[in-house]
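A quick write-up on the structure given underneath.
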Amino acid sequence: MAATTTTTSQTTLDIYESGDAALRVVARSGDAETNWATVHSLAGWLAATGVEGIHGAVPTYDSVLVEFDPYLTSARQVRAFVLLGMRQLDFVGTTLREPRRFEVPVVYGGDYGPDLDRVAEHQGLDVEDVIARHTAKTYVIRCLGAPAGSPMMDGPDFPVPVPRLKDPRLSVPAGAVSVAGRQAVIAPAVAPGGWCVIGQTPLTVLDAAREPLVPYVPGDELRFYRIPAEDFGNFAGQFLEARP
């Protein structure tokens, strides 16, 4: 269905119907950071407002999927609430909370990072440079992806995008630290995967006995640091926690 388009002082929104029970709202400003802040602030506003019939707002890099119960409300009414939220944000500005910060130990290469050499060769870098670039950056968690709340982040400062594997693995271990395209991620749980695995963290990221299942939310910050393989077992049973 054709989009409904509206423009605020900074951002143009395209609103699409996505099936019978959701709207997809896409922010277009010409600036990736503004788009990201807009959709996450809009999702937060919708959640805080508690509009009857809206039961989910899932933001990504530049869009938010607004899910609703069609027995309680309609796409037209939800669209009106989205526009109301944007007018509010246009008045008060985007509202993102103070990020928490996480530090993630990683063993790079070998059995822990079977694609490290592949990535280095593709980038025209040596292995140490790949590791240095991966650990040099503070990453912002942009959104949560599959599986199980994977922290999706902008990738390291590599010369070119990293291609995915031609033959995805049937099983990637929990804690796998991977890159693909211009993105980076940690696998919270065992799952199939086609991203290039360059390392693994010994920390437990997902805990089914905890609420929430993962300790971070979009907007939190994360840094990787290198540890030797012989130290991997020293972190057994430790969970990923925000720095105090």
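Residue numbering restarts at 1 in every chain; chains get A, B, ... in the order shown in the structure tokens, and ligands count up from 1 in that same order.
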
Shell of 9 Å around A:Pro156, only C-alpha atoms, local chain residues under 4 positions omitted, as a count of residues only = 11

DSSP-assigned strand (DSSP E or B) among stretch 50-123 of chain A, expressed as number ranges by chain = A: 54-59, 63-68, 101-108

Selected residues written out with C-alpha atoms, as a PDB file, in the first residue's frame:
ATOM      1  CA  ILE A  54      -1.194  -0.639  20.599  1.00  0.00           C
ATOM      2  CA  HIS A  55       0.747  -3.531  22.076  1.00  0.00           C
ATOM      3  CA  GLY A  56       4.213  -3.150  20.604  1.00  0.00           C
ATOM      4  CA  ALA A  57       6.622  -0.705  18.969  1.00  0.00           C
ATOM      5  CA  VAL A  58       9.793  -2.355  17.680  1.00  0.00           C
ATOM      6  CA  PRO A  59      12.452   0.136  16.484  1.00  0.00           C
ATOM      7  CA  SER A  63      12.079   2.403  11.142  1.00  0.00           C
ATOM      8  CA  VAL A  64       9.686   1.244  13.839  1.00  0.00           C
ATOM      9  CA  LEU A  65       7.021  -1.445  13.531  1.00  0.00           C
ATOM     10  CA  VAL A  66       3.938  -0.383  15.489  1.00  0.00           C
ATOM     11  CA  GLU A  67       1.790  -3.430  16.292  1.00  0.00           C
ATOM     12  CA  PHE A  68      -1.865  -3.086  17.256  1.00  0.00           C
ATOM     13  CA  ARG A 101      28.237   0.727  29.150  1.00  0.00           C
ATOM     14  CA  PHE A 102      29.401  -2.856  28.715  1.00  0.00           C
ATOM     15  CA  GLU A 103      32.889  -4.295  28.301  1.00  0.00           C
ATOM     16  CA  VAL A 104      33.167  -7.627  26.492  1.00  0.00           C
ATOM     17  CA  PRO A 105      36.261  -9.877  26.653  1.00  0.00           C
ATOM     18  CA  VAL A 106      36.936 -11.741  23.396  1.00  0.00           C
ATOM     19  CA  VAL A 107      39.278 -14.504  22.285  1.00  0.00           C
ATOM     20  CA  TYR A 108      40.015 -13.808  18.614  1.00  0.00           C
TER      21      TYR A 108
END

Residues of stretch 14-231 of chain A in helix (DSSP H, G or I), written as number ranges by chain = A: 32-49, 75-92, 116-123, 127-136, 229-231

Keeping C-alpha atoms for every residue in the selection just given, could you write it to a file as a short mmCIF file (atom, residue, chain, number, x, y, z; two decimals), in the first residue's frame?
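Output saved as part_15.cif:
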data_model
loop_
_atom_site.label_atom_id
_atom_site.label_comp_id
_atom_site.auth_asym_id
_atom_site.auth_seq_id
_atom_site.Cartn_x
_atom_site.Cartn_y
_atom_site.Cartn_z
CA ALA A 32 21.42 8.16 9.96
CA GLU A 33 21.81 9.28 13.60
CA THR A 34 18.74 11.51 13.39
CA ASN A 35 16.69 8.70 11.82
CA TRP A 36 17.77 6.28 14.55
CA ALA A 37 17.04 8.71 17.38
CA THR A 38 13.65 9.55 15.87
CA VAL A 39 12.32 6.01 15.59
CA HIS A 40 13.61 4.99 19.02
CA SER A 41 12.17 8.11 20.65
CA LEU A 42 8.85 7.51 18.89
CA ALA A 43 8.80 3.89 20.12
CA GLY A 44 9.49 5.09 23.65
CA TRP A 45 6.73 7.70 23.46
CA LEU A 46 4.19 5.13 22.24
CA ALA A 47 5.16 2.73 25.03
CA ALA A 48 4.97 5.43 27.71
CA THR A 49 1.63 6.77 26.47
CA ALA A 75 -4.69 1.55 11.27
CA ARG A 76 -6.17 5.02 10.80
CA GLN A 77 -6.30 5.66 14.55
CA VAL A 78 -2.80 4.29 15.11
CA ARG A 79 -1.48 6.48 12.30
CA ALA A 80 -3.03 9.48 14.06
CA PHE A 81 -1.27 8.54 17.32
CA VAL A 82 2.03 8.18 15.45
CA LEU A 83 1.63 11.67 14.01
CA LEU A 84 0.68 13.02 17.44
CA GLY A 85 3.83 11.46 18.86
CA MET A 86 5.95 13.02 16.15
CA ARG A 87 4.47 16.44 16.81
CA GLN A 88 5.30 15.99 20.49
CA LEU A 89 8.87 14.95 19.68
CA ASP A 90 9.17 17.83 17.25
CA PHE A 91 8.28 20.15 20.14
CA VAL A 92 10.43 18.65 22.93
CA LEU A 116 39.22 -14.08 11.25
CA ASP A 117 41.79 -14.93 8.56
CA ARG A 118 39.08 -14.79 5.88
CA VAL A 119 38.01 -11.32 6.97
CA ALA A 120 41.61 -10.08 7.11
CA GLU A 121 42.32 -11.33 3.60
CA HIS A 122 39.14 -9.81 2.21
CA GLN A 123 39.90 -6.44 3.82
CA VAL A 127 44.93 -10.22 11.43
CA GLU A 128 46.31 -7.91 14.11
CA ASP A 129 44.92 -4.87 12.29
CA VAL A 130 41.47 -6.48 12.08
CA ILE A 131 41.54 -7.11 15.83
CA ALA A 132 42.83 -3.60 16.53
CA ARG A 133 40.03 -2.04 14.50
CA HIS A 134 37.40 -4.25 16.12
CA THR A 135 38.53 -3.30 19.64
CA ALA A 136 39.16 0.39 18.92
CA ALA A 229 42.68 -18.23 24.82
CA GLU A 230 44.03 -19.59 28.10
CA ASP A 231 41.91 -17.04 30.00
#

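Straight-line separation from atom CA of A:Ile141 to atom CA of A:Ile186: 10.7 Å.
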
What does the distance from atom CA of A:Leu144 to atom CA of A:Glu221 come to in Å, to one decimal?
-> 13.1 Å

Selection near A:Ser29, 9 Å with only C-alpha atoms, sequence-local residues under 6 positions removed, as number ranges by chain | A: 10-13, 35

Residues as selected, all heavy atoms, written as a short mmCIF file (atom, residue, chain, number, x, y, z; two decimals), in the first residue's frame, can you do that?
data_model
loop_
_atom_site.label_atom_id
_atom_site.label_comp_id
_atom_site.auth_asym_id
_atom_site.auth_seq_id
_atom_site.Cartn_x
_atom_site.Cartn_y
_atom_site.Cartn_z
N GLN A 10 12.56 18.35 11.12
CA GLN A 10 13.82 17.72 10.78
C GLN A 10 13.67 16.45 9.95
O GLN A 10 14.58 16.08 9.22
CB GLN A 10 14.59 17.35 12.06
CG GLN A 10 14.99 18.52 12.93
CD GLN A 10 15.86 18.06 14.08
OE1 GLN A 10 16.87 17.38 13.88
NE2 GLN A 10 15.48 18.43 15.28
N THR A 11 12.54 15.77 10.06
CA THR A 11 12.43 14.41 9.54
C THR A 11 11.15 14.22 8.73
O THR A 11 10.08 14.72 9.10
CB THR A 11 12.42 13.41 10.71
OG1 THR A 11 13.56 13.65 11.54
CG2 THR A 11 12.49 11.98 10.20
N THR A 12 11.27 13.48 7.64
CA THR A 12 10.12 13.04 6.88
C THR A 12 9.79 11.61 7.29
O THR A 12 10.69 10.77 7.39
CB THR A 12 10.39 13.09 5.37
OG1 THR A 12 10.62 14.45 4.99
CG2 THR A 12 9.23 12.52 4.57
N LEU A 13 8.51 11.35 7.55
CA LEU A 13 8.06 10.01 7.91
C LEU A 13 7.24 9.42 6.78
O LEU A 13 6.35 10.08 6.25
CB LEU A 13 7.18 10.04 9.17
CG LEU A 13 7.81 10.32 10.52
CD1 LEU A 13 6.75 10.14 11.60
CD2 LEU A 13 8.99 9.43 10.80
N ASN A 35 17.72 9.72 12.10
CA ASN A 35 16.69 8.70 11.82
C ASN A 35 16.59 7.72 12.98
O ASN A 35 15.49 7.37 13.43
CB ASN A 35 17.03 7.95 10.54
CG ASN A 35 16.96 8.83 9.31
OD1 ASN A 35 16.31 9.87 9.32
ND2 ASN A 35 17.63 8.41 8.25
#

Of the listed residues A:Thr138, A:Ser171, A:Ser74, A:Ser150, that which approaches A:Pro218 most closely, counting only C-alpha atoms = A:Ser150
